[in-house]
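Shown next: structure_23.txt, given as compact mmCIF, C-alpha atoms and all ligand atoms.
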```txt
# COMPACT_ATOMS: atom_id res chain seq x y z
CA MET L 1 7.54 -45.36 113.44
CA LEU L 2 4.34 -45.73 115.45
CA ILE L 3 1.90 -48.62 115.63
CA VAL L 4 -1.40 -48.86 117.43
CA HIS L 5 -2.03 -52.34 118.81
CA THR L 6 -5.38 -53.66 119.95
CA ALA L 7 -6.93 -57.15 119.93
CA ASP L 8 -10.10 -59.08 120.68
CA THR L 9 -12.48 -56.36 119.55
CA HIS L 10 -15.16 -59.09 119.31
CA ILE L 11 -17.48 -57.01 117.15
CA GLY L 12 -20.84 -58.77 117.13
CA ALA L 13 -20.72 -59.80 120.79
CA PHE L 14 -23.63 -59.00 123.14
CA THR L 15 -26.20 -59.70 120.40
CA ASN L 16 -29.64 -58.28 121.27
CA ARG L 17 -28.35 -56.77 124.49
CA PRO L 18 -27.76 -53.13 125.45
CA LEU L 19 -24.02 -53.41 124.69
CA ARG L 20 -24.41 -54.64 121.09
CA PHE L 21 -22.79 -51.49 119.64
CA ALA L 22 -20.21 -51.00 122.41
CA ASN L 23 -17.55 -53.09 120.63
CA VAL L 24 -17.84 -51.33 117.27
CA ASP L 25 -17.88 -47.95 119.03
CA ALA L 26 -14.66 -48.83 120.87
CA PHE L 27 -13.10 -49.93 117.59
CA GLY L 28 -14.16 -46.61 116.05
CA GLU L 29 -12.69 -44.69 118.99
CA ILE L 30 -9.30 -46.39 118.56
CA ALA L 31 -9.45 -45.82 114.78
CA ASP L 32 -10.10 -42.10 115.41
CA PHE L 33 -6.98 -41.98 117.58
CA VAL L 34 -4.97 -43.64 114.80
CA VAL L 35 -6.13 -41.13 112.19
CA GLU L 36 -5.88 -38.04 114.44
CA ASN L 37 -2.31 -38.90 115.41
CA ASP L 38 -1.29 -39.68 111.85
CA ILE L 39 -0.28 -43.24 112.74
CA LYS L 40 0.21 -45.53 109.72
CA TYR L 41 -0.11 -48.99 111.26
CA PHE L 42 -3.09 -50.36 113.14
CA ILE L 43 -2.96 -53.94 114.43
CA VAL L 44 -5.97 -55.96 115.58
CA ALA L 45 -4.40 -59.18 116.88
CA GLY L 46 -7.26 -61.58 116.26
CA ASP L 47 -10.89 -62.05 117.33
CA PHE L 48 -11.76 -58.95 115.33
CA PHE L 49 -15.30 -60.38 115.17
CA GLU L 50 -17.25 -62.47 117.64
CA ARG L 51 -18.18 -65.01 114.96
CA PRO L 52 -17.01 -65.91 111.43
CA ARG L 53 -20.18 -64.36 110.00
CA ILE L 54 -22.10 -61.38 111.32
CA ASP L 55 -25.68 -60.88 110.21
CA ASN L 56 -26.30 -57.46 111.73
CA TYR L 57 -26.00 -55.09 108.75
CA GLU L 58 -25.90 -51.95 110.88
CA LEU L 59 -22.83 -53.35 112.65
CA LEU L 60 -21.13 -54.37 109.42
CA ARG L 61 -21.87 -51.05 107.75
CA ARG L 62 -20.17 -49.26 110.64
CA VAL L 63 -17.15 -51.56 110.49
CA TYR L 64 -16.79 -51.01 106.72
CA ARG L 65 -17.07 -47.26 107.15
CA ILE L 66 -14.39 -47.14 109.87
CA LEU L 67 -12.04 -49.35 107.83
CA ARG L 68 -12.58 -47.23 104.71
CA VAL L 69 -11.73 -44.03 106.62
CA LEU L 70 -8.57 -45.73 107.88
CA ARG L 71 -7.57 -46.80 104.38
CA ASP L 72 -8.36 -43.39 102.88
CA ASN L 73 -6.01 -41.87 105.47
CA GLY L 74 -3.20 -44.16 104.39
CA VAL L 75 -3.44 -46.47 107.43
CA PHE L 76 -2.58 -50.16 107.08
CA THR L 77 -4.98 -52.20 109.22
CA ILE L 78 -3.36 -55.58 109.90
CA THR L 79 -5.14 -58.53 111.46
CA VAL L 80 -5.04 -62.32 111.85
CA PRO L 81 -7.92 -64.77 112.26
CA GLY L 82 -8.59 -65.47 115.93
CA SER L 83 -10.19 -68.43 117.61
CA HIS L 84 -13.61 -66.79 117.24
CA ASP L 85 -13.74 -65.39 113.74
CA ALA L 86 -11.77 -67.91 111.70
CA SER L 87 -13.47 -70.38 109.42
CA VAL L 88 -11.47 -73.28 108.07
CA ARG L 89 -12.75 -72.73 104.56
CA ARG L 90 -12.26 -68.98 104.97
CA ALA L 91 -15.97 -68.36 104.54
CA ASP L 92 -15.86 -65.47 106.97
CA ILE L 93 -16.24 -61.71 107.05
CA LEU L 94 -12.55 -61.18 107.78
CA THR L 95 -11.59 -62.89 104.53
CA LEU L 96 -14.06 -60.65 102.66
CA LEU L 97 -12.52 -57.56 104.23
CA GLY L 98 -9.12 -58.84 103.16
CA GLU L 99 -10.31 -59.38 99.58
CA ALA L 100 -11.77 -55.85 99.57
CA GLY L 101 -8.39 -54.46 100.63
CA LEU L 102 -9.79 -53.00 103.83
CA VAL L 103 -7.61 -55.16 106.09
CA HIS L 104 -4.28 -56.89 105.53
CA ILE L 105 -4.01 -60.50 106.65
CA PRO L 106 -0.52 -62.01 106.37
CA HIS L 107 -0.83 -65.28 104.50
CA TYR L 108 -0.27 -68.60 106.30
CA GLU L 109 -0.67 -72.23 105.38
CA GLU L 110 -0.58 -75.56 107.15
CA ALA L 111 1.57 -77.85 105.05
CA SER L 112 3.18 -81.21 105.85
CA SER L 113 2.83 -80.77 109.63
CA ARG L 114 4.28 -77.28 109.50
CA LEU L 115 2.70 -73.88 109.84
CA VAL L 116 4.25 -71.66 107.19
CA LEU L 117 3.93 -67.91 107.76
CA HIS L 118 4.46 -65.68 104.77
CA PRO L 119 5.84 -62.15 105.15
CA LEU L 120 3.71 -59.16 104.28
CA ARG L 121 5.60 -55.99 103.55
CA LEU L 122 3.62 -52.82 104.20
CA GLY L 123 5.50 -49.52 103.91
CA ASP L 124 8.67 -49.77 106.00
CA LEU L 125 7.56 -52.72 108.11
CA VAL L 126 7.27 -56.48 107.57
CA PHE L 127 4.46 -58.45 109.21
CA TYR L 128 3.97 -62.13 109.94
CA GLY L 129 0.68 -63.46 111.28
CA LEU L 130 0.17 -66.43 113.61
CA PRO L 131 -3.55 -67.27 113.60
CA GLY L 132 -5.47 -68.69 116.55
CA LEU L 133 -6.18 -72.23 115.40
CA LYS L 134 -8.76 -74.72 116.64
CA ASN L 135 -7.84 -76.38 119.97
CA ASN L 136 -4.91 -73.94 120.34
CA LEU L 137 -3.06 -75.94 117.69
CA GLU L 138 -0.77 -72.99 117.01
CA ILE L 139 0.81 -73.68 120.41
CA ASP L 140 1.71 -77.21 119.30
CA TYR L 141 3.30 -75.82 116.17
CA LEU L 142 5.35 -73.38 118.23
CA ARG L 143 6.32 -75.96 120.84
CA GLY L 144 7.47 -78.38 118.17
CA HIS L 145 9.43 -75.61 116.41
CA ARG L 146 7.27 -76.31 113.38
CA VAL L 147 6.47 -72.70 112.55
CA VAL L 148 8.31 -71.49 109.47
CA PHE L 149 8.90 -67.76 109.05
CA LYS L 150 9.33 -67.72 105.32
CA ASN L 151 12.14 -65.60 103.85
CA ILE L 152 12.78 -63.86 107.15
CA GLU L 153 16.50 -63.59 106.38
CA GLU L 154 15.68 -61.32 103.46
CA TYR L 155 14.51 -58.59 105.81
CA ARG L 156 17.73 -58.04 107.73
CA ASP L 157 17.44 -54.27 107.53
CA LYS L 158 13.70 -54.09 108.25
CA LYS L 159 11.69 -53.98 111.46
CA ILE L 160 9.53 -57.09 111.74
CA VAL L 161 6.31 -57.51 113.68
CA LEU L 162 4.61 -60.82 114.47
CA VAL L 163 0.86 -60.55 115.01
CA ALA L 164 -0.06 -63.61 117.08
CA HIS L 165 -3.35 -64.82 118.46
CA THR L 166 -2.41 -67.29 121.18
CA SER L 167 -2.17 -67.66 124.95
CA VAL L 168 1.30 -67.61 126.39
CA LYS L 169 3.15 -66.52 129.49
CA PHE L 170 6.10 -64.22 128.98
CA ALA L 171 8.75 -62.42 130.98
CA GLY L 172 7.24 -63.85 134.13
CA TYR L 173 3.78 -62.50 133.35
CA ASP L 174 1.10 -65.07 133.81
CA PRO L 175 -2.40 -63.94 132.79
CA SER L 176 -3.94 -66.37 135.28
CA VAL L 177 -2.51 -64.28 138.12
CA TYR L 178 -4.90 -61.51 137.15
CA SER L 179 -7.85 -63.66 136.37
CA TYR L 180 -8.56 -67.11 137.77
CA ARG L 181 -10.34 -68.19 134.59
CA TYR L 182 -7.19 -68.11 132.49
CA GLY L 183 -5.72 -70.66 134.85
CA LYS L 184 -8.35 -73.06 133.61
CA GLY L 185 -7.52 -72.68 129.95
CA VAL L 186 -4.37 -73.60 128.17
CA ILE L 187 -1.59 -71.11 128.61
CA ALA L 188 1.67 -72.12 127.08
CA ASP L 189 4.92 -71.63 128.96
CA GLU L 190 7.28 -69.03 127.74
CA GLU L 191 9.67 -71.63 126.33
CA ILE L 192 7.51 -71.73 123.22
CA LEU L 193 8.60 -68.18 122.52
CA GLN L 194 12.02 -69.59 121.64
CA ALA L 195 10.39 -70.71 118.41
CA ILE L 196 10.03 -67.06 117.47
CA PRO L 197 13.12 -65.72 115.67
CA SER L 198 15.03 -63.09 117.63
CA LYS L 199 15.01 -61.01 114.48
CA ILE L 200 11.37 -60.14 115.23
CA ASN L 201 11.16 -56.73 116.88
CA TYR L 202 7.71 -56.92 118.40
CA VAL L 203 5.12 -59.64 119.06
CA ALA L 204 1.62 -58.15 118.98
CA LEU L 205 -0.45 -60.59 121.01
CA GLY L 206 -4.16 -61.21 121.19
CA HIS L 207 -6.37 -63.82 122.90
CA ILE L 208 -6.07 -62.87 126.58
CA HIS L 209 -8.73 -60.24 127.26
CA PHE L 210 -7.16 -58.86 130.43
CA PRO L 211 -4.41 -56.30 129.59
CA THR L 212 -1.09 -58.00 130.35
CA PRO L 213 1.23 -56.71 131.68
CA LEU L 214 -0.19 -53.56 133.23
CA PHE L 215 2.03 -50.52 132.66
CA ASP L 216 1.75 -46.88 131.64
CA GLU L 217 4.91 -46.92 129.58
CA ALA L 218 7.46 -49.70 129.18
CA GLU L 219 10.28 -50.98 127.04
CA LEU L 220 9.15 -54.40 125.86
CA ASN L 221 8.84 -56.54 122.76
CA ILE L 222 5.68 -58.50 123.52
CA ALA L 223 2.34 -57.57 125.10
CA TYR L 224 -1.37 -58.22 125.35
CA PRO L 225 -3.26 -54.93 125.01
CA GLY L 226 -6.36 -56.80 126.24
CA SER L 227 -9.84 -56.48 124.83
CA PRO L 228 -11.36 -52.97 124.64
CA ILE L 229 -14.81 -54.16 125.76
CA GLY L 230 -14.70 -57.95 126.01
CA ARG L 231 -17.39 -60.36 124.97
CA ASP L 232 -19.20 -61.52 128.11
CA ALA L 233 -20.05 -60.78 131.73
CA SER L 234 -16.71 -62.15 132.97
CA ASP L 235 -14.89 -59.56 130.87
CA LEU L 236 -17.13 -56.81 132.17
CA TYR L 237 -16.47 -57.94 135.73
CA GLU L 238 -12.74 -57.70 134.95
CA THR L 239 -13.27 -54.16 133.70
CA HIS L 240 -14.64 -53.46 137.17
CA LEU L 241 -11.57 -55.14 138.76
CA LEU L 242 -9.19 -53.17 136.55
CA ARG L 243 -10.73 -49.94 137.79
CA LYS L 244 -11.30 -50.78 141.45
CA GLU L 245 -8.35 -53.06 142.24
CA HIS L 246 -5.65 -52.03 139.81
CA GLY L 247 -6.51 -48.34 139.39
CA LYS L 248 -6.35 -48.81 135.60
CA ASP L 249 -8.89 -49.29 132.85
CA ARG L 250 -9.26 -50.91 129.45
CA ARG L 251 -6.65 -49.75 126.96
CA PHE L 252 -4.92 -49.98 123.61
CA LEU L 253 -1.18 -49.67 123.00
CA VAL L 254 0.91 -47.22 121.04
CA LEU L 255 4.30 -48.63 120.07
CA ASP L 256 7.31 -46.74 118.98
CA LEU L 257 9.59 -48.99 116.95
CA SER L 258 12.10 -46.33 115.94
CA GLY L 259 14.65 -47.09 118.69
CA ASP L 260 16.65 -50.25 119.42
CA LYS L 261 13.91 -51.57 121.66
CA PRO L 262 10.20 -50.96 121.22
CA VAL L 263 8.60 -48.55 123.68
CA ALA L 264 4.95 -49.21 124.47
CA ARG L 265 2.51 -46.73 125.94
CA SER L 266 -0.92 -47.61 127.32
CA ILE L 267 -3.78 -45.37 126.30
CA TRP L 268 -6.32 -45.98 129.03
CA ARG L 269 -9.93 -45.60 127.99
CA ASN L 270 -13.28 -46.35 129.58
CA PHE L 271 -14.80 -46.83 126.10
CA ASN L 272 -17.99 -45.35 127.48
CA VAL L 273 -18.67 -48.44 129.61
CA ILE L 274 -19.97 -48.00 133.15
CA VAL L 275 -19.81 -51.06 135.38
CA GLU L 276 -21.59 -51.15 138.74
CA TYR L 277 -20.97 -54.07 141.03
CA TYR L 278 -23.43 -54.84 143.80
CA LYS L 279 -22.97 -57.58 146.36
CA ASP L 280 -25.42 -58.50 149.10
CA TYR L 281 -27.27 -61.29 150.86
CA TYR L 282 -30.64 -62.18 149.46
CA LYS L 283 -33.37 -60.41 151.40
CA GLY L 284 -36.31 -61.31 149.22
CA TYR L 285 -37.55 -60.55 145.74
CA ASP L 286 -39.05 -57.12 146.52
CA THR L 287 -35.93 -55.81 148.23
CA LEU L 288 -33.69 -57.03 145.43
CA VAL L 289 -35.66 -55.54 142.55
CA SER L 290 -36.10 -52.20 144.30
CA GLU L 291 -32.33 -52.08 144.94
CA VAL L 292 -31.71 -52.83 141.26
CA ARG L 293 -34.10 -50.04 140.21
CA ARG L 294 -32.36 -47.60 142.55
CA ILE L 295 -28.90 -48.46 141.17
CA VAL L 296 -29.78 -48.29 137.47
CA ARG L 297 -31.61 -44.98 137.95
CA ASP L 298 -28.48 -43.44 139.44
CA MET L 299 -26.10 -44.69 136.75
CA GLY L 300 -24.77 -42.14 134.27
CA GLU L 301 -25.08 -42.14 130.50
CA GLY L 302 -23.15 -44.69 128.47
CA TYR L 303 -23.01 -48.44 128.02
CA ARG L 304 -24.30 -49.43 131.42
CA VAL L 305 -23.60 -52.72 133.12
CA LEU L 306 -24.81 -53.94 136.48
CA ILE L 307 -23.26 -57.06 137.96
CA LEU L 308 -25.16 -58.49 140.88
CA GLU L 309 -23.63 -60.94 143.29
CA ILE L 310 -26.40 -62.19 145.52
CA GLU L 311 -25.64 -64.74 148.19
CA GLY L 312 -28.21 -67.20 149.39
CA LEU L 313 -30.64 -66.60 146.57
CA LYS L 314 -33.69 -68.84 146.98
CA PRO L 315 -33.72 -71.29 144.08
CA GLU L 316 -37.52 -71.03 143.80
CA ASP L 317 -37.25 -67.24 143.31
CA LYS L 318 -34.55 -67.41 140.68
CA ASN L 319 -36.70 -67.63 137.55
CA LYS L 320 -38.94 -64.79 138.66
CA ILE L 321 -35.89 -62.63 139.40
CA LEU L 322 -34.22 -63.42 136.09
CA GLN L 323 -37.40 -62.55 134.25
CA THR L 324 -37.67 -59.18 136.00
CA LEU L 325 -34.00 -58.46 135.41
CA ARG L 326 -34.47 -59.14 131.66
CA GLU L 327 -37.33 -56.63 131.62
CA TYR L 328 -35.24 -54.07 133.48
CA GLU L 329 -32.35 -54.70 131.10
CA VAL L 330 -34.55 -53.57 128.20
CA ASN L 331 -36.42 -50.78 129.99
CA TYR L 332 -33.34 -49.23 131.61
CA LYS L 333 -30.96 -49.99 128.72
CA THR L 334 -28.53 -51.60 131.16
CA LEU L 335 -26.92 -54.99 130.82
CA ILE L 336 -27.75 -56.81 134.06
CA HIS L 337 -25.85 -59.93 135.02
CA LEU L 338 -26.68 -62.04 138.03
CA ARG L 339 -23.94 -64.09 139.63
CA THR L 340 -25.39 -66.34 142.24
CA SER L 341 -23.44 -67.72 145.16
CA SER L 342 -24.84 -71.21 144.65
CA ARG L 343 -23.12 -71.37 141.29
CA THR L 344 -19.91 -70.01 142.81
CA SER L 345 -19.88 -72.64 145.53
CA VAL L 346 -20.41 -75.47 143.05
CA SER L 347 -17.58 -74.28 140.85
CA GLU L 348 -15.35 -73.76 143.87
CA ALA L 349 -16.05 -77.27 145.09
CA LEU L 350 -15.07 -78.47 141.67
CA SER L 351 -12.08 -76.22 141.20
CA ILE L 352 -9.02 -78.30 140.51
CA ASP L 353 -5.39 -77.32 140.46
CA LEU L 354 -4.16 -77.92 136.92
CA SER L 355 -1.19 -75.59 136.99
CA ASP L 356 1.33 -78.32 136.24
CA VAL L 357 -0.57 -79.79 133.33
CA THR L 358 0.17 -78.28 129.96
CA ASP L 359 -1.05 -80.81 127.44
CA ILE L 360 -4.72 -80.31 126.64
CA GLU L 361 -5.63 -83.98 126.65
CA GLU L 362 -3.80 -84.56 129.91
CA LEU L 363 -5.59 -81.55 131.33
CA GLU L 364 -8.98 -82.85 130.26
CA LYS L 365 -8.23 -86.29 131.69
CA THR L 366 -7.09 -84.94 135.06
CA ALA L 367 -10.05 -82.58 135.30
CA ILE L 368 -12.58 -85.32 134.54
CA ALA L 369 -11.03 -87.82 136.92
CA GLU L 370 -10.93 -85.22 139.73
CA ALA L 371 -14.46 -84.03 139.07
CA ILE L 372 -15.82 -87.59 139.12
CA LYS L 373 -14.06 -88.21 142.40
CA LYS L 374 -15.31 -85.00 143.99
CA LEU L 375 -18.86 -85.61 142.88
CA GLY L 376 -18.70 -89.18 144.16
CA LEU L 377 -19.79 -90.69 140.84
CA LYS L 378 -19.06 -94.16 139.58
CA ILE L 379 -18.34 -93.53 135.93
CA ASP L 380 -15.47 -94.49 133.72
CA PRO L 381 -13.58 -91.20 133.02
CA GLU L 382 -12.86 -92.37 129.48
CA LYS L 383 -16.58 -92.48 128.70
CA ILE L 384 -16.92 -88.83 129.72
CA GLN L 385 -13.90 -87.91 127.65
CA GLU L 386 -15.33 -89.71 124.66
CA LEU L 387 -18.61 -87.86 125.12
CA ILE L 388 -16.86 -84.50 125.33
CA SER L 389 -14.85 -85.19 122.22
CA ILE L 390 -17.95 -86.20 120.22
CA LEU L 391 -19.85 -83.14 121.43
CA GLY L 392 -16.88 -80.97 120.46
CA GLU L 393 -17.03 -82.05 116.85
CA ARG L 394 -17.91 -79.33 114.42
CA LYS L 395 -20.47 -79.64 111.71
CA PRO L 396 -18.62 -79.80 108.37
CA GLU L 397 -19.73 -76.77 106.38
CA GLU L 398 -21.08 -78.92 103.57
CA ALA L 399 -23.14 -81.17 105.87
CA ARG L 400 -26.83 -80.60 106.52
CA LYS L 401 -27.57 -79.52 110.07
CA ASP L 402 -30.26 -82.16 110.68
CA ASP L 403 -28.15 -85.00 109.31
CA PHE L 404 -25.16 -83.95 111.35
CA TYR L 405 -27.01 -83.70 114.66
CA GLU L 406 -28.93 -86.89 114.04
CA ALA L 407 -25.70 -88.78 113.42
CA LEU L 408 -24.21 -87.15 116.52
CA PHE L 409 -27.17 -88.23 118.61
CA ILE L 410 -26.94 -91.82 117.43
CA ARG L 411 -23.33 -91.88 118.58
CA ILE L 412 -23.86 -90.27 121.99
CA LYS L 413 -27.03 -92.19 122.93
CA PRO L 414 -25.31 -95.44 123.98
CA LEU L 415 -22.65 -93.44 125.81
CA LEU L 416 -25.24 -91.44 127.72
CA GLU L 417 -27.14 -94.60 128.58
CA GLU L 418 -24.02 -96.15 129.94
CA ILE L 419 -23.02 -93.04 131.91
CA LEU L 420 -26.50 -92.56 133.37
CA GLY L 421 -27.05 -96.28 133.83
CA VAL L 422 -30.53 -96.02 132.29
CA PHE L 423 -30.40 -99.16 130.20
CA GLU L 424 -30.35 -101.26 133.36
CA GLN L 425 -33.75 -99.99 134.40
CA ARG L 426 -35.50 -101.08 131.24
MN MN C 501 -10.92 -63.18 122.26
```
Would you kindly transcribe this structure into structure tokens?
Amino acid sequence: MLIVHTADTHIGAFTNRPLRFANVDAFGEIADFVVENDIKYFIVAGDFFERPRIDNYELLRRVYRILRVLRDNGVFTITVPGSHDASVRRADILTLLGEAGLVHIPHYEEASSRLVLHPLRLGDLVFYGLPGLKNNLEIDYLRGHRVVFKNIEEYRDKKIVLVAHTSVKFAGYDPSVYSYRYGKGVIADEEILQAIPSKINYVALGHIHFPTPLFDEAELNIAYPGSPIGRDASDLYETHLLRKEHGKDRRFLVLDLSGDKPVARSIWRNFNVIVEYYKDYYKGYDTLVSEVRRIVRDMGEGYRVLILEIEGLKPEDKNKILQTLREYEVNYKTLIHLRTSSRTSVSEALSIDLSDVTDIEELEKTAIAEAIKKLGLKIDPEKIQELISILGERKPEEARKDDFYEALFIRIKPLLEEILGVFEQR
């Protein structure tokens, strides 16, 4: 009984950039593997798409075609809404694909402060889906043991898989060890996994883009396959790290559920992505652009990425450089990302240890208070927090854009005045 498990395909990411078809190509490559190996279950554990709605028809057409080939070969494609592609009113592409029978989304509902997951029986297996909710709310449900696995006792003789889009540590694996940026988000402790019934044979995770844990083959019942391509320059930099520091690559997982314990195998793939990393001190505009030309000319065929880390970049040259790099990006069909040391030093100066803080509001509070202190500002932290929470509000789908932003502005104006102290100068 084999399952292919991927997650965070983020189709629709890198809009208008040379990698815009990399994500759908990677998805197609994994789908080909599923069909060629006669595998009947294909899991995409959330963030299937970069956004709830995709307006690039070429992309969508390719997704539909791949999903149709899967279905015509008797493959069940199972997915859950992730933090990127879910829409509260289910006005999203994923829901349409579900209605068309091209993907299977286990039903869930939030009812009287509980998250009720409904089973979905497909062939010999039973699936539950834990969606990635706004503000990582699914973690609160798990922590409070308020997730209901409906009718799970009825499937005593069946293998059960939970497809879950959330960030969690497990078996001592902490994603933030591999990538500093996950230390800044909310990663739940593994205690929350106690809310998952032991009857569940495998937890197919999504959300963390870095493959966790790294193994060629292992007996385990929970894993992050990681994202095949990623969705931004940080992910592409991690692809570079995976190759240069860990001797691995991007991957998807093949699970064998036929034994007592699941056996997972990593299928390492480069997904046709070439990442060059170049680090140097700034020696002037001419030197930098000629180096960039030299590197991109020597890069092979594929989805090409060049990450530049330039120390001591002159601020007055930055716009000119960025403009040239954008031109090169188009002309040389290579995604070029500039990391500047000035930005690094600012973020390092502001980096705060939040490892002991697990509650999101606590975390926000601590971060703001620390940042204000480090920047030597005289501002009430609560004002900043209020500002952040107003800015974080989402436009209700029925509201008009102009009305919503105008109302938002009216609310933040007095706050901004107070924070900036501008009203005193009038
Ligand atoms: Mn994601």
Within 10 Å of ligand MN 501 (chain C): each chain L residue with its shortest pair, only C-alpha atoms and all ligand atoms, as a Markdown table:
```
| residue | atom | partner | partner_atom | distance |
| --- | --- | --- | --- | --- |
| L:Ala7 | CA | C:MN501 | MN | 7.6 |
| L:Asp8 | CA | C:MN501 | MN | 4.5 |
| L:Thr9 | CA | C:MN501 | MN | 7.5 |
| L:His10 | CA | C:MN501 | MN | 6.6 |
| L:Ala45 | CA | C:MN501 | MN | 9.4 |
| L:Gly46 | CA | C:MN501 | MN | 7.2 |
| L:Asp47 | CA | C:MN501 | MN | 5.1 |
| L:Phe48 | CA | C:MN501 | MN | 8.2 |
| L:Phe49 | CA | C:MN501 | MN | 8.8 |
| L:Glu50 | CA | C:MN501 | MN | 7.9 |
| L:Gly82 | CA | C:MN501 | MN | 7.1 |
| L:Ser83 | CA | C:MN501 | MN | 7.1 |
| L:His84 | CA | C:MN501 | MN | 6.7 |
| L:Asp85 | CA | C:MN501 | MN | 9.2 |
| L:Gly132 | CA | C:MN501 | MN | 9.6 |
| L:His165 | CA | C:MN501 | MN | 8.6 |
| L:Thr166 | CA | C:MN501 | MN | 9.5 |
| L:Gly206 | CA | C:MN501 | MN | 7.1 |
| L:His207 | CA | C:MN501 | MN | 4.6 |
| L:Ile208 | CA | C:MN501 | MN | 6.5 |
| L:His209 | CA | C:MN501 | MN | 6.2 |
| L:Phe210 | CA | C:MN501 | MN | 10.0 |
| L:Gly226 | CA | C:MN501 | MN | 8.8 |
| L:Ser227 | CA | C:MN501 | MN | 7.3 |
| L:Gly230 | CA | C:MN501 | MN | 7.5 |
| L:Arg231 | CA | C:MN501 | MN | 7.6 |
```
What are the nearest atom pairs, with distances in Å to one decimal, for all residues of region 69-163 of chain L that come at most 6 Å from region 52-59 of chain L, using only C-alpha atoms, set out by chain and rising residue number as JSON lines?
```
{"residue": "L:Asp85", "atom": "CA", "partner": "L:Pro52", "partner_atom": "CA", "distance": 4.0}
{"residue": "L:Ala86", "atom": "CA", "partner": "L:Pro52", "partner_atom": "CA", "distance": 5.6}
{"residue": "L:Asp92", "atom": "CA", "partner": "L:Pro52", "partner_atom": "CA", "distance": 4.6}
{"residue": "L:Ile93", "atom": "CA", "partner": "L:Arg53", "partner_atom": "CA", "distance": 5.6}
```
Query raised in the report: Neighbours of Arg68 (chain L) within 12 Å (all atoms listed in the file; same-chain residues fewer than 2 positions away dropped), as a count of residues only?
Result: 22
Requested in this report: Quick one: pull the distance between CA of Leu338 (chain L) and CA of Glu309 (chain L), Å, one decimal.
Outcome: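 So the answer is 6.2 Å.
Here the question is which of L:Phe127, L:Tyr332, L:Phe21, L:Tyr237 gets nearest to Val161 (chain L) using all atoms listed in the file, and that residue is L:Phe127.
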Query raised in the report: Between CA of Asp403 (chain L) and CA of Leu387 (chain L), what is the spacing in Å?
Result: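 Separation between CA of Leu387 (chain L) and CA of Asp403 (chain L): 18.7 Å.
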Requested in this report: Within 12 Å of Pro131 (chain L), counting all atoms listed in the file, which residues show up once you throw out same-chain ones fewer than 3 positions away? Write them as a VMD selection string, please.
Outcome: chain L and resid 44 to 48 79 to 88 105 to 110 115 to 117 128 134 to 139 141 to 142 147 162 to 167 204 to 207
Using all atoms of region 213-223 of chain L listed in the file and a margin of 5 Å per side, can you give the axis-aligned box centre and edge lengths in Å to one decimal, as lines of an AutoDock Vina configuration file?
```
center_x = 5.0
center_y = -52.7
center_z = 128.0
size_x = 20.5
size_y = 21.6
size_z = 20.5
```
Query - Exercise: Arg293 (chain L) partners within 12 Å, only C-alpha atoms, chain neighbours under 4 positions left out, as a PyMOL selection string - result: chain L and resi 286-289+297-299+306+324-325+327-329+331-334+336
Query raised in the report: So, counting all atoms listed in the file, which residue among L:Tyr155, L:Phe14, L:Tyr173, L:Phe215 is closest to Ile200 (chain L)?
Result: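 The closest residue to Ile200 (chain L) is L:Tyr155.
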**Report entry** Atom pair CA of Lys413 (chain L) / CA of Lys378 (chain L): separation (Å)
**Finding:**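 Interatomic distance, CA of Lys413 (chain L) to CA of Lys378 (chain L): 18.6 Å.
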Query raised in the report: Once you count all atoms listed in the file, which residues end up no further than 12 Å from (-16.1, -90.4, 126.8) in the file's frame, shown as a ChimeraX atom specification?
Result: /L:364-365,368-369,379-392,411-419
Output C-alpha atoms for every residue in that selection, as a PDB file, in the coordinates of the input.
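Saved to selection-v9.pdb:
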```pdb
ATOM      1  CA  GLU L 364      -8.980 -82.850 130.260  1.00  0.00           C
ATOM      2  CA  LYS L 365      -8.230 -86.290 131.690  1.00  0.00           C
ATOM      3  CA  ILE L 368     -12.580 -85.320 134.540  1.00  0.00           C
ATOM      4  CA  ALA L 369     -11.030 -87.820 136.920  1.00  0.00           C
ATOM      5  CA  ILE L 379     -18.340 -93.530 135.930  1.00  0.00           C
ATOM      6  CA  ASP L 380     -15.470 -94.490 133.720  1.00  0.00           C
ATOM      7  CA  PRO L 381     -13.580 -91.200 133.020  1.00  0.00           C
ATOM      8  CA  GLU L 382     -12.860 -92.370 129.480  1.00  0.00           C
ATOM      9  CA  LYS L 383     -16.580 -92.480 128.700  1.00  0.00           C
ATOM     10  CA  ILE L 384     -16.920 -88.830 129.720  1.00  0.00           C
ATOM     11  CA  GLN L 385     -13.900 -87.910 127.650  1.00  0.00           C
ATOM     12  CA  GLU L 386     -15.330 -89.710 124.660  1.00  0.00           C
ATOM     13  CA  LEU L 387     -18.610 -87.860 125.120  1.00  0.00           C
ATOM     14  CA  ILE L 388     -16.860 -84.500 125.330  1.00  0.00           C
ATOM     15  CA  SER L 389     -14.850 -85.190 122.220  1.00  0.00           C
ATOM     16  CA  ILE L 390     -17.950 -86.200 120.220  1.00  0.00           C
ATOM     17  CA  LEU L 391     -19.850 -83.140 121.430  1.00  0.00           C
ATOM     18  CA  GLY L 392     -16.880 -80.970 120.460  1.00  0.00           C
ATOM     19  CA  ARG L 411     -23.330 -91.880 118.580  1.00  0.00           C
ATOM     20  CA  ILE L 412     -23.860 -90.270 121.990  1.00  0.00           C
ATOM     21  CA  LYS L 413     -27.030 -92.190 122.930  1.00  0.00           C
ATOM     22  CA  PRO L 414     -25.310 -95.440 123.980  1.00  0.00           C
ATOM     23  CA  LEU L 415     -22.650 -93.440 125.810  1.00  0.00           C
ATOM     24  CA  LEU L 416     -25.240 -91.440 127.720  1.00  0.00           C
ATOM     25  CA  GLU L 417     -27.140 -94.600 128.580  1.00  0.00           C
ATOM     26  CA  GLU L 418     -24.020 -96.150 129.940  1.00  0.00           C
ATOM     27  CA  ILE L 419     -23.020 -93.040 131.910  1.00  0.00           C
TER      28      ILE L 419
END
```
